[in-house]
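Text of the file query.pdb, holding PDB, C-alpha atoms:
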ATOM      1  CA  MET L   1     112.681  86.548  68.267
ATOM      2  CA  ALA L   2     111.167  88.365  71.185
ATOM      3  CA  LYS L   3     112.325  91.884  71.720
ATOM      4  CA  ARG L   4     113.556  93.064  75.072
ATOM      5  CA  ARG L   5     111.255  95.457  76.895
ATOM      6  CA  SER L   6     113.759  98.256  76.543
ATOM      7  CA  GLU L   7     113.641  97.912  72.750
ATOM      8  CA  LEU L   8     109.848  98.018  72.644
ATOM      9  CA  GLY L   9     109.867 101.172  74.697
ATOM     10  CA  SER L  10     107.233 102.355  77.063
ATOM     11  CA  LEU L  11     105.664 105.679  77.905
ATOM     12  CA  TYR L  12     106.773 105.164  81.488
ATOM     13  CA  LYS L  13     110.379 104.516  80.608
ATOM     14  CA  ALA L  14     110.914 108.088  79.577
ATOM     15  CA  GLY L  15     114.123 109.894  80.481
ATOM     16  CA  THR L  16     114.364 113.481  81.681
ATOM     17  CA  GLY L  17     114.117 114.790  78.113
ATOM     18  CA  GLN L  18     110.842 113.060  77.423
ATOM     19  CA  TRP L  19     109.272 114.198  80.703
ATOM     20  CA  SER L  20     110.364 117.769  79.951
ATOM     21  CA  TRP L  21     108.847 117.465  76.473
ATOM     22  CA  LEU L  22     105.559 116.238  77.965
ATOM     23  CA  ALA L  23     105.492 118.962  80.633
ATOM     24  CA  HIS L  24     106.229 121.589  77.962
ATOM     25  CA  ARG L  25     103.225 120.379  75.932
ATOM     26  CA  ILE L  26     100.824 120.181  78.873
ATOM     27  CA  THR L  27     101.765 123.622  80.196
ATOM     28  CA  GLY L  28     101.609 125.061  76.662
ATOM     29  CA  VAL L  29      98.109 123.722  75.971
ATOM     30  CA  GLY L  30      96.937 124.792  79.434
ATOM     31  CA  ILE L  31      98.232 128.334  78.978
ATOM     32  CA  LEU L  32      96.635 128.594  75.502
ATOM     33  CA  LEU L  33      93.227 127.449  76.770
ATOM     34  CA  PHE L  34      93.431 129.946  79.641
ATOM     35  CA  LEU L  35      94.483 132.654  77.170
ATOM     36  CA  PHE L  36      91.288 132.049  75.169
ATOM     37  CA  ALA L  37      89.137 132.582  78.272
ATOM     38  CA  HIS L  38      91.273 135.510  79.461
ATOM     39  CA  ILE L  39      90.889 137.453  76.171
ATOM     40  CA  VAL L  40      87.103 137.159  76.495
ATOM     41  CA  ASP L  41      86.978 138.190  80.174
ATOM     42  CA  THR L  42      89.286 141.157  79.553
ATOM     43  CA  ALA L  43      87.184 142.234  76.552
ATOM     44  CA  LEU L  44      84.214 142.565  78.930
ATOM     45  CA  VAL L  45      85.842 145.728  80.295
ATOM     46  CA  ALA L  46      84.222 147.487  77.302
ATOM     47  CA  TRP L  47      80.792 146.511  78.695
ATOM     48  CA  GLY L  48      81.323 148.716  81.739
ATOM     49  CA  PRO L  49      82.287 148.381  85.416
ATOM     50  CA  GLU L  50      79.211 146.444  86.490
ATOM     51  CA  THR L  51      79.685 143.593  83.994
ATOM     52  CA  TYR L  52      83.474 143.507  84.240
ATOM     53  CA  ASN L  53      83.646 143.574  88.040
ATOM     54  CA  LYS L  54      81.033 140.836  88.335
ATOM     55  CA  VAL L  55      82.924 138.509  85.974
ATOM     56  CA  ILE L  56      86.393 139.341  87.299
ATOM     57  CA  SER L  57      85.307 138.677  90.893
ATOM     58  CA  LEU L  58      85.408 135.003  89.890
ATOM     59  CA  TYR L  59      89.213 135.321  89.942
ATOM     60  CA  HIS L  60      89.077 136.473  93.568
ATOM     61  CA  HIS L  61      87.574 133.187  94.735
ATOM     62  CA  PRO L  62      90.147 131.172  96.732
ATOM     63  CA  ILE L  63      89.611 127.972  94.691
ATOM     64  CA  VAL L  64      90.272 129.910  91.494
ATOM     65  CA  GLN L  65      93.321 131.459  93.183
ATOM     66  CA  ILE L  66      94.764 127.970  93.641
ATOM     67  CA  MET L  67      94.338 127.418  89.880
ATOM     68  CA  GLU L  68      95.922 130.842  89.373
ATOM     69  CA  LEU L  69      99.022 129.662  91.227
ATOM     70  CA  GLY L  70      99.107 126.714  88.802
ATOM     71  CA  LEU L  71      98.860 129.118  85.862
ATOM     72  CA  VAL L  72     101.767 131.219  87.128
ATOM     73  CA  GLY L  73     103.802 128.023  87.607
ATOM     74  CA  ALA L  74     102.909 126.836  84.088
ATOM     75  CA  VAL L  75     104.019 130.123  82.498
ATOM     76  CA  ILE L  76     107.308 130.170  84.416
ATOM     77  CA  TYR L  77     108.031 126.482  83.703
ATOM     78  CA  HIS L  78     107.206 126.839  80.000
ATOM     79  CA  GLY L  79     109.491 129.892  79.769
ATOM     80  CA  LEU L  80     112.434 128.299  81.595
ATOM     81  CA  ASN L  81     112.101 125.033  79.675
ATOM     82  CA  GLY L  82     111.921 127.077  76.455
ATOM     83  CA  ILE L  83     115.303 128.593  77.336
ATOM     84  CA  ARG L  84     116.655 125.050  77.852
ATOM     85  CA  ILE L  85     115.382 124.010  74.401
ATOM     86  CA  MET L  86     116.982 127.069  72.797
ATOM     87  CA  ILE L  87     120.308 126.407  74.536
ATOM     88  CA  MET L  88     120.293 122.862  73.112
ATOM     89  CA  ASP L  89     119.275 124.111  69.644
ATOM     90  CA  PHE L  90     121.842 126.874  69.313
ATOM     91  CA  TRP L  91     124.661 125.305  71.320
ATOM     92  CA  PRO L  92     124.666 121.570  70.466
ATOM     93  CA  ALA L  93     127.650 120.878  72.743
ATOM     94  CA  SER L  94     125.218 121.339  75.669
ATOM     95  CA  LEU L  95     123.494 118.094  74.591
ATOM     96  CA  LEU L  96     126.363 116.202  76.213
ATOM     97  CA  ARG L  97     125.217 117.683  79.520
ATOM     98  CA  HIS L  98     121.477 117.556  78.811
ATOM     99  CA  ARG L  99     120.571 115.920  82.132
ATOM    100  CA  GLU L 100     122.404 118.574  84.138
ATOM    101  CA  LEU L 101     120.677 121.189  81.966
ATOM    102  CA  THR L 102     117.271 119.733  82.826
ATOM    103  CA  TRP L 103     118.062 119.637  86.555
ATOM    104  CA  THR L 104     119.293 123.227  86.378
ATOM    105  CA  THR L 105     116.010 124.226  84.721
ATOM    106  CA  LEU L 106     114.045 122.488  87.466
ATOM    107  CA  ALA L 107     116.212 124.063  90.180
ATOM    108  CA  LEU L 108     115.600 127.539  88.720
ATOM    109  CA  PHE L 109     111.887 126.745  88.510
ATOM    110  CA  ALA L 110     111.819 125.692  92.168
ATOM    111  CA  ALA L 111     113.825 128.777  93.168
ATOM    112  CA  ALA L 112     111.352 131.044  91.351
ATOM    113  CA  MET L 113     108.258 129.253  92.601
ATOM    114  CA  ALA L 114     109.212 129.124  96.287
ATOM    115  CA  PRO L 115     108.715 132.863  96.968
ATOM    116  CA  ILE L 116     105.762 133.048  94.538
ATOM    117  CA  ALA L 117     103.986 130.117  96.210
ATOM    118  CA  TRP L 118     104.671 131.772  99.565
ATOM    119  CA  ILE L 119     103.231 135.133  98.472
ATOM    120  CA  MET L 120     100.209 133.726  96.616
ATOM    121  CA  GLY L 121      99.670 130.883  99.083
ATOM    122  CA  ARG L 122      99.386 133.283 102.033
ATOM    123  CA  ARG L 123      96.720 135.234 100.159
ATOM    124  CA  ILE L 124      94.725 132.065  99.523
ATOM    125  CA  LEU L 125      94.980 130.979 103.164
ATOM    126  CA  GLU L 126      93.907 134.455 104.279
ATOM    127  CA  ASP L 127      90.892 134.292 101.978
ATOM    128  CA  PHE L 128      89.932 130.902 103.398
ATOM    129  CA  GLY L 129      90.203 132.499 106.844
ATOM    130  CA  TRP L 130      92.920 130.076 107.932
ATOM    131  CA  LEU L 131      95.453 132.797 108.524
ATOM    132  CA  GLY L 132      95.157 135.611 111.051
TER     133      GLY L 132
ATOM    134  CA  MET R   1     108.466 120.433  71.600
ATOM    135  CA  SER R   2     110.795 119.815  68.692
ATOM    136  CA  VAL R   3     114.427 119.905  69.608
ATOM    137  CA  ALA R   4     116.978 120.666  66.902
ATOM    138  CA  THR R   5     114.455 120.361  64.093
ATOM    139  CA  ARG R   6     116.684 122.048  61.562
ATOM    140  CA  PRO R   7     116.387 119.817  58.482
ATOM    141  CA  ALA R   8     119.652 118.515  57.117
ATOM    142  CA  ALA R   9     119.273 116.009  54.259
ATOM    143  CA  PRO R  10     118.238 117.234  50.785
ATOM    144  CA  ALA R  11     114.468 116.853  50.374
ATOM    145  CA  PRO R  12     112.476 116.095  47.222
ATOM    146  CA  ALA R  13     111.269 119.135  45.304
ATOM    147  CA  ASP R  14     107.654 118.897  46.543
ATOM    148  CA  MET R  15     108.878 118.878  50.129
ATOM    149  CA  ARG R  16     110.983 121.966  49.799
ATOM    150  CA  ARG R  17     108.264 124.567  50.325
ATOM    151  CA  ARG R  18     106.959 122.698  53.358
ATOM    152  CA  ARG R  19     110.480 122.555  54.737
ATOM    153  CA  GLY R  20     110.841 126.292  54.272
ATOM    154  CA  PHE R  21     107.626 126.853  56.243
ATOM    155  CA  GLU R  22     108.698 124.566  59.078
ATOM    156  CA  LEU R  23     112.049 126.350  59.300
ATOM    157  CA  TRP R  24     110.324 129.731  59.608
ATOM    158  CA  SER R  25     107.906 128.253  62.136
ATOM    159  CA  TRP R  26     110.834 126.887  64.160
ATOM    160  CA  LEU R  27     112.533 130.295  64.095
ATOM    161  CA  PHE R  28     109.297 132.139  64.946
ATOM    162  CA  MET R  29     108.729 129.951  68.033
ATOM    163  CA  ARG R  30     112.162 130.887  69.343
ATOM    164  CA  ILE R  31     111.960 134.621  68.623
ATOM    165  CA  SER R  32     108.396 134.973  69.936
ATOM    166  CA  GLY R  33     109.392 132.775  72.889
ATOM    167  CA  ILE R  34     112.202 135.129  73.883
ATOM    168  CA  VAL R  35     109.920 138.187  73.583
ATOM    169  CA  LEU R  36     107.159 136.422  75.539
ATOM    170  CA  LEU R  37     109.659 135.632  78.314
ATOM    171  CA  PHE R  38     109.578 139.362  79.020
ATOM    172  CA  LEU R  39     105.954 140.152  78.092
ATOM    173  CA  ALA R  40     104.140 137.125  79.538
ATOM    174  CA  VAL R  41     106.357 136.384  82.534
ATOM    175  CA  GLY R  42     106.432 140.115  83.324
ATOM    176  CA  HIS R  43     102.648 140.307  82.986
ATOM    177  CA  VAL R  44     102.122 137.308  85.258
ATOM    178  CA  LEU R  45     104.456 138.703  87.934
ATOM    179  CA  ILE R  46     102.909 142.192  87.827
ATOM    180  CA  MET R  47      99.276 141.048  87.796
ATOM    181  CA  HIS R  48      99.393 137.936  89.972
ATOM    182  CA  VAL R  49     102.287 138.300  92.402
ATOM    183  CA  LEU R  50     103.143 141.954  93.091
ATOM    184  CA  GLU R  51     101.174 144.128  95.525
ATOM    185  CA  THR R  52      97.915 142.285  96.232
ATOM    186  CA  GLY R  53      97.832 140.354  92.950
ATOM    187  CA  VAL R  54      94.510 139.904  91.129
ATOM    188  CA  GLU R  55      92.633 141.013  94.237
ATOM    189  CA  ARG R  56      93.321 144.604  93.163
ATOM    190  CA  VAL R  57      92.146 144.051  89.579
ATOM    191  CA  ASP R  58      88.779 145.627  88.741
ATOM    192  CA  PHE R  59      87.353 148.064  86.192
ATOM    193  CA  ASP R  60      89.106 151.099  87.716
ATOM    194  CA  PHE R  61      92.422 149.260  87.778
ATOM    195  CA  VAL R  62      92.173 148.453  84.055
ATOM    196  CA  ALA R  63      91.040 152.010  83.286
ATOM    197  CA  ARG R  64      94.048 153.479  85.113
ATOM    198  CA  ARG R  65      96.422 150.993  83.530
ATOM    199  CA  TRP R  66      95.193 151.536  79.972
ATOM    200  CA  ASP R  67      95.470 155.285  80.530
ATOM    201  CA  ASN R  68      99.109 154.667  79.631
ATOM    202  CA  PRO R  69      99.659 153.735  75.961
ATOM    203  CA  LEU R  70     102.712 151.709  76.981
ATOM    204  CA  TRP R  71     100.526 149.119  78.724
ATOM    205  CA  ARG R  72      98.098 149.030  75.777
ATOM    206  CA  THR R  73     101.042 148.360  73.467
ATOM    207  CA  TRP R  74     102.450 145.743  75.842
ATOM    208  CA  ASP R  75      99.084 143.981  76.077
ATOM    209  CA  TRP R  76      98.510 144.054  72.322
ATOM    210  CA  ALA R  77     101.997 142.710  71.547
ATOM    211  CA  MET R  78     101.467 139.960  74.116
ATOM    212  CA  LEU R  79      98.008 139.163  72.699
ATOM    213  CA  SER R  80      99.368 138.796  69.150
ATOM    214  CA  LEU R  81     102.520 136.862  69.977
ATOM    215  CA  ALA R  82     100.911 134.560  72.545
ATOM    216  CA  LEU R  83      98.099 133.632  70.138
ATOM    217  CA  LEU R  84     100.489 132.971  67.231
ATOM    218  CA  HIS R  85     102.940 131.076  69.470
ATOM    219  CA  GLY R  86     100.188 129.035  71.109
ATOM    220  CA  ILE R  87      98.269 128.207  67.953
ATOM    221  CA  ASN R  88     101.444 127.263  66.099
ATOM    222  CA  GLY R  89     102.298 125.030  69.056
ATOM    223  CA  MET R  90      98.845 123.436  68.778
ATOM    224  CA  ARG R  91      99.521 122.835  65.077
ATOM    225  CA  VAL R  92     102.624 120.809  65.990
ATOM    226  CA  ILE R  93     100.660 118.827  68.596
ATOM    227  CA  ILE R  94      97.785 118.216  66.144
ATOM    228  CA  GLN R  95     100.351 116.916  63.637
ATOM    229  CA  ASP R  96     101.385 114.305  66.218
ATOM    230  CA  TYR R  97      97.980 113.095  67.350
ATOM    231  CA  ALA R  98      95.574 113.674  64.428
ATOM    232  CA  ARG R  99      96.761 111.170  61.843
ATOM    233  CA  ARG R 100      93.948 111.488  59.304
ATOM    234  CA  PRO R 101      94.317 114.552  57.013
ATOM    235  CA  GLY R 102      90.621 115.418  57.406
ATOM    236  CA  TRP R 103      90.856 115.622  61.208
ATOM    237  CA  ARG R 104      94.085 117.580  60.956
ATOM    238  CA  VAL R 105      92.380 120.166  58.750
ATOM    239  CA  PHE R 106      89.417 120.243  61.154
ATOM    240  CA  TRP R 107      91.482 120.852  64.317
ATOM    241  CA  ASN R 108      93.856 123.292  62.642
ATOM    242  CA  SER R 109      90.932 125.272  61.207
ATOM    243  CA  LEU R 110      89.160 125.309  64.558
ATOM    244  CA  PHE R 111      92.154 126.787  66.373
ATOM    245  CA  ALA R 112      92.908 129.192  63.514
ATOM    246  CA  VAL R 113      89.314 130.510  63.459
ATOM    247  CA  VAL R 114      89.037 130.822  67.261
ATOM    248  CA  GLY R 115      92.489 132.432  67.411
ATOM    249  CA  PHE R 116      91.740 134.925  64.664
ATOM    250  CA  GLY R 117      88.381 135.833  66.194
ATOM    251  CA  LEU R 118      89.970 136.428  69.614
ATOM    252  CA  PHE R 119      92.790 138.422  68.015
ATOM    253  CA  VAL R 120      90.239 140.744  66.368
ATOM    254  CA  LEU R 121      88.213 141.039  69.596
ATOM    255  CA  GLY R 122      91.296 141.747  71.730
ATOM    256  CA  THR R 123      92.725 144.239  69.244
ATOM    257  CA  ILE R 124      89.477 146.228  69.075
ATOM    258  CA  ILE R 125      89.121 146.337  72.865
ATOM    259  CA  VAL R 126      92.725 147.174  73.678
ATOM    260  CA  PHE R 127      92.806 150.111  71.247
ATOM    261  CA  THR R 128      89.252 151.491  71.492
ATOM    262  CA  PHE R 129      88.491 151.110  75.214
ATOM    263  CA  ASP R 130      87.615 154.485  76.699
ATOM    264  CA  ALA R 131      86.921 154.577  80.434
ATOM    265  CA  SER R 132      85.257 158.016  80.148
ATOM    266  CA  ASP R 133      82.325 156.270  78.370
ATOM    267  CA  PHE R 134      81.340 155.003  81.811
ATOM    268  CA  ALA R 135      82.121 158.085  83.892
TER     269      ALA R 135
END

Serialized structure, structure tokens:
Amino acid sequence: MAKRRSELGSLYKAGTGQWSWLAHRITGVGILLFLFAHIVDTALVAWGPETYNKVISLYHHPIVQIMELGLVGAVIYHGLNGIRIMIMDFWPASLLRHRELTWTTLALFAAAMAPIAWIMGRRILEDFGWLG
Amino acid sequence: MSVATRPAAPAPADMRRRRGFELWSWLFMRISGIVLLFLAVGHVLIMHVLETGVERVDFDFVARRWDNPLWRTWDWAMLSLALLHGINGMRVIIQDYARRPGWRVFWNSLFAVVGFGLFVLGTIIVFTFDASDFA
């Protein structure tokens, strides 16, 4: 007997929980890979100002600053979503309201990112010369 | 990642040690996660958002910052916890996608070796850096 599509399941049929799980993984792996690079570039400070300043000036490039905004977003999302996971772990009654919990997490993320994107975004636009 | 992974049903004897490890791992992710909320989110806001962000970061900035042992301690605690938290997270992901035991050992070893090497490098730098060497 053929199974209904809903029983077979599909990656694209995911609910809010599964998307949050995926976003938590992607941001986690992204942050870890950046951390690897960041430990090395910070260690270069022991090779003196000339070496360190040359390497760190890479972070002042506007294209890299766009990626930097993504990094800040990833850290804040991963942290907020981590709080959501802990709420569900330690207070199981919250599972009954798990969708509202996810939307609250996303609302807090948006509320945090709006001023940050404004502050960092202006800097990027200034560096591109598109702002005053 | 894993939600409510606390094991419930009695496991066979050979599983028990593994279960104990996973329980500690689960607990560690939550405790280190809470600490990193302060250390890593604080770090990101201070370095990337406040004042002029990374534009102000150069050798002199690091030298002035690490003049204060508080920031060295902060950075070392963040280095240790972020590496352990991240590499343990990778272990969970590897468990999901690397099905063959040989590949699992390979990926886990790779991240463990890279992580340990970077931990040693970061620890040496954060505690031995002396800006007056370059004065």

**Report entry** R:Trp66 environment, 10 Å, only C-alpha atoms, sequence neighbours closer than 4 positions dropped, as JSON, numbers by chain
**Finding:** {"R": [60, 61, 62, 70, 71, 72, 73, 75, 126, 127, 129, 130, 131]}

Residue subset to file, keeping C-alpha atoms, as a PDB file, in the coordinates of the input:
ATOM      1  CA  ASP R  60      89.106 151.099  87.716  1.00  0.00           C
ATOM      2  CA  PHE R  61      92.422 149.260  87.778  1.00  0.00           C
ATOM      3  CA  VAL R  62      92.173 148.453  84.055  1.00  0.00           C
ATOM      4  CA  LEU R  70     102.712 151.709  76.981  1.00  0.00           C
ATOM      5  CA  TRP R  71     100.526 149.119  78.724  1.00  0.00           C
ATOM      6  CA  ARG R  72      98.098 149.030  75.777  1.00  0.00           C
ATOM      7  CA  THR R  73     101.042 148.360  73.467  1.00  0.00           C
ATOM      8  CA  ASP R  75      99.084 143.981  76.077  1.00  0.00           C
ATOM      9  CA  VAL R 126      92.725 147.174  73.678  1.00  0.00           C
ATOM     10  CA  PHE R 127      92.806 150.111  71.247  1.00  0.00           C
ATOM     11  CA  PHE R 129      88.491 151.110  75.214  1.00  0.00           C
ATOM     12  CA  ASP R 130      87.615 154.485  76.699  1.00  0.00           C
ATOM     13  CA  ALA R 131      86.921 154.577  80.434  1.00  0.00           C
TER      14      ALA R 131
END

Contact table chain L vs chain R, cut-off 6 Å, shortest pair per residue, all atoms listed in the file, as CSV:
residue,atom,partner,partner_atom,distance
L:Trp21,CA,R:Met1,CA,5.7
L:Leu32,CA,R:Gly86,CA,5.7
L:Ala43,CA,R:Ile125,CA,5.8
L:Ala46,CA,R:Phe129,CA,6.0
L:Pro49,CA,R:Phe59,CA,5.1
L:Asn53,CA,R:Asp58,CA,5.6
L:His60,CA,R:Glu55,CA,5.8
L:Gly79,CA,R:Leu37,CA,5.9
L:Asp89,CA,R:Ala4,CA,5.0

Requested in this report: Just give me the gap between atom CA of L:Asn81 and atom CA of L:Ser20 in Å, one decimal is fine.
Outcome: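 For atom CA of L:Asn81 relative to atom CA of L:Ser20, the distance reads 7.5 Å.
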
Go ahead and fit an axis-aligned box to every listed atom of stretch 70-76 of chain R plus 3 Å each side, and pass me the centre and edge lengths in Å, one decimal, as AutoDock Vina command-line options.
--center_x 100.4 --center_y 147.8 --center_z 75.5 --size_x 10.6 --size_y 13.7 --size_z 12.4

Translate the PyMOL selection byres ((chain L and resi 73-75) around 10), as applied to the file shown, into an explicit residue set as a compact mmCIF listing (two decimals) with C-alpha atoms, in the coordinates of the input.
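Written file, expr09.txt:
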# COMPACT_ATOMS: atom_id res chain seq x y z
CA ALA L 23 105.49 118.96 80.63
CA HIS L 24 106.23 121.59 77.96
CA ILE L 26 100.82 120.18 78.87
CA THR L 27 101.76 123.62 80.20
CA GLY L 28 101.61 125.06 76.66
CA VAL L 29 98.11 123.72 75.97
CA GLY L 30 96.94 124.79 79.43
CA ILE L 31 98.23 128.33 78.98
CA MET L 67 94.34 127.42 89.88
CA GLU L 68 95.92 130.84 89.37
CA LEU L 69 99.02 129.66 91.23
CA GLY L 70 99.11 126.71 88.80
CA LEU L 71 98.86 129.12 85.86
CA VAL L 72 101.77 131.22 87.13
CA ILE L 76 107.31 130.17 84.42
CA TYR L 77 108.03 126.48 83.70
CA HIS L 78 107.21 126.84 80.00
CA GLY L 79 109.49 129.89 79.77
CA LEU L 80 112.43 128.30 81.60
CA ASN L 81 112.10 125.03 79.68
CA PHE L 109 111.89 126.74 88.51
CA ALA L 110 111.82 125.69 92.17
CA ALA L 112 111.35 131.04 91.35
CA MET L 113 108.26 129.25 92.60
CA ILE L 116 105.76 133.05 94.54
CA ALA L 117 103.99 130.12 96.21
CA LEU R 36 107.16 136.42 75.54
CA LEU R 37 109.66 135.63 78.31
CA ALA R 40 104.14 137.12 79.54
CA VAL R 41 106.36 136.38 82.53
CA VAL R 44 102.12 137.31 85.26

**Report entry** Residues in the PyMOL selection byres ((chain L and resi 55) around 12), expressed as number ranges by chain
**Finding:** L: 37-38, 40-45, 47-54, 56-61; R: 57-59

Output for the residues just chosen: C-alpha atoms as an mmCIF file, in the frame of the given file:
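Now in part10.cif:
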data_model
loop_
_atom_site.group_PDB
_atom_site.id
_atom_site.type_symbol
_atom_site.label_atom_id
_atom_site.label_comp_id
_atom_site.auth_asym_id
_atom_site.auth_seq_id
_atom_site.Cartn_x
_atom_site.Cartn_y
_atom_site.Cartn_z
ATOM 1 C CA ALA L 37 89.137 132.582 78.272
ATOM 2 C CA HIS L 38 91.273 135.510 79.461
ATOM 3 C CA VAL L 40 87.103 137.159 76.495
ATOM 4 C CA ASP L 41 86.978 138.190 80.174
ATOM 5 C CA THR L 42 89.286 141.157 79.553
ATOM 6 C CA ALA L 43 87.184 142.234 76.552
ATOM 7 C CA LEU L 44 84.214 142.565 78.930
ATOM 8 C CA VAL L 45 85.842 145.728 80.295
ATOM 9 C CA TRP L 47 80.792 146.511 78.695
ATOM 10 C CA GLY L 48 81.323 148.716 81.739
ATOM 11 C CA PRO L 49 82.287 148.381 85.416
ATOM 12 C CA GLU L 50 79.211 146.444 86.490
ATOM 13 C CA THR L 51 79.685 143.593 83.994
ATOM 14 C CA TYR L 52 83.474 143.507 84.240
ATOM 15 C CA ASN L 53 83.646 143.574 88.040
ATOM 16 C CA LYS L 54 81.033 140.836 88.335
ATOM 17 C CA ILE L 56 86.393 139.341 87.299
ATOM 18 C CA SER L 57 85.307 138.677 90.893
ATOM 19 C CA LEU L 58 85.408 135.003 89.890
ATOM 20 C CA TYR L 59 89.213 135.321 89.942
ATOM 21 C CA HIS L 60 89.077 136.473 93.568
ATOM 22 C CA HIS L 61 87.574 133.187 94.735
ATOM 23 C CA VAL R 57 92.146 144.051 89.579
ATOM 24 C CA ASP R 58 88.779 145.627 88.741
ATOM 25 C CA PHE R 59 87.353 148.064 86.192
#

Report task. Give me the residues within 12 Å of L:Glu126 as a VMD selection string, counting all atoms listed in the file and dropping any in the same chain fewer than 5 places off. Result -> (chain L and resid 60 to 62 65 119 to 121 131 to 132) or (chain R and resid 52)

Report task. Record the distance separating atom CA of R:Ser109 and atom CA of L:Arg25, expressed in Å with one decimal. Result ->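 Computing the Euclidean distance for atom CA of R:Ser109 and atom CA of L:Arg25 yields 19.8 Å.
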
Query raised in the report: What does the distance between atom CA of L:Leu22 and atom CA of R:His43 come to in Å, to one decimal place?
Result: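 Taking atom CA of L:Leu22 and atom CA of R:His43, their separation equals 24.8 Å.
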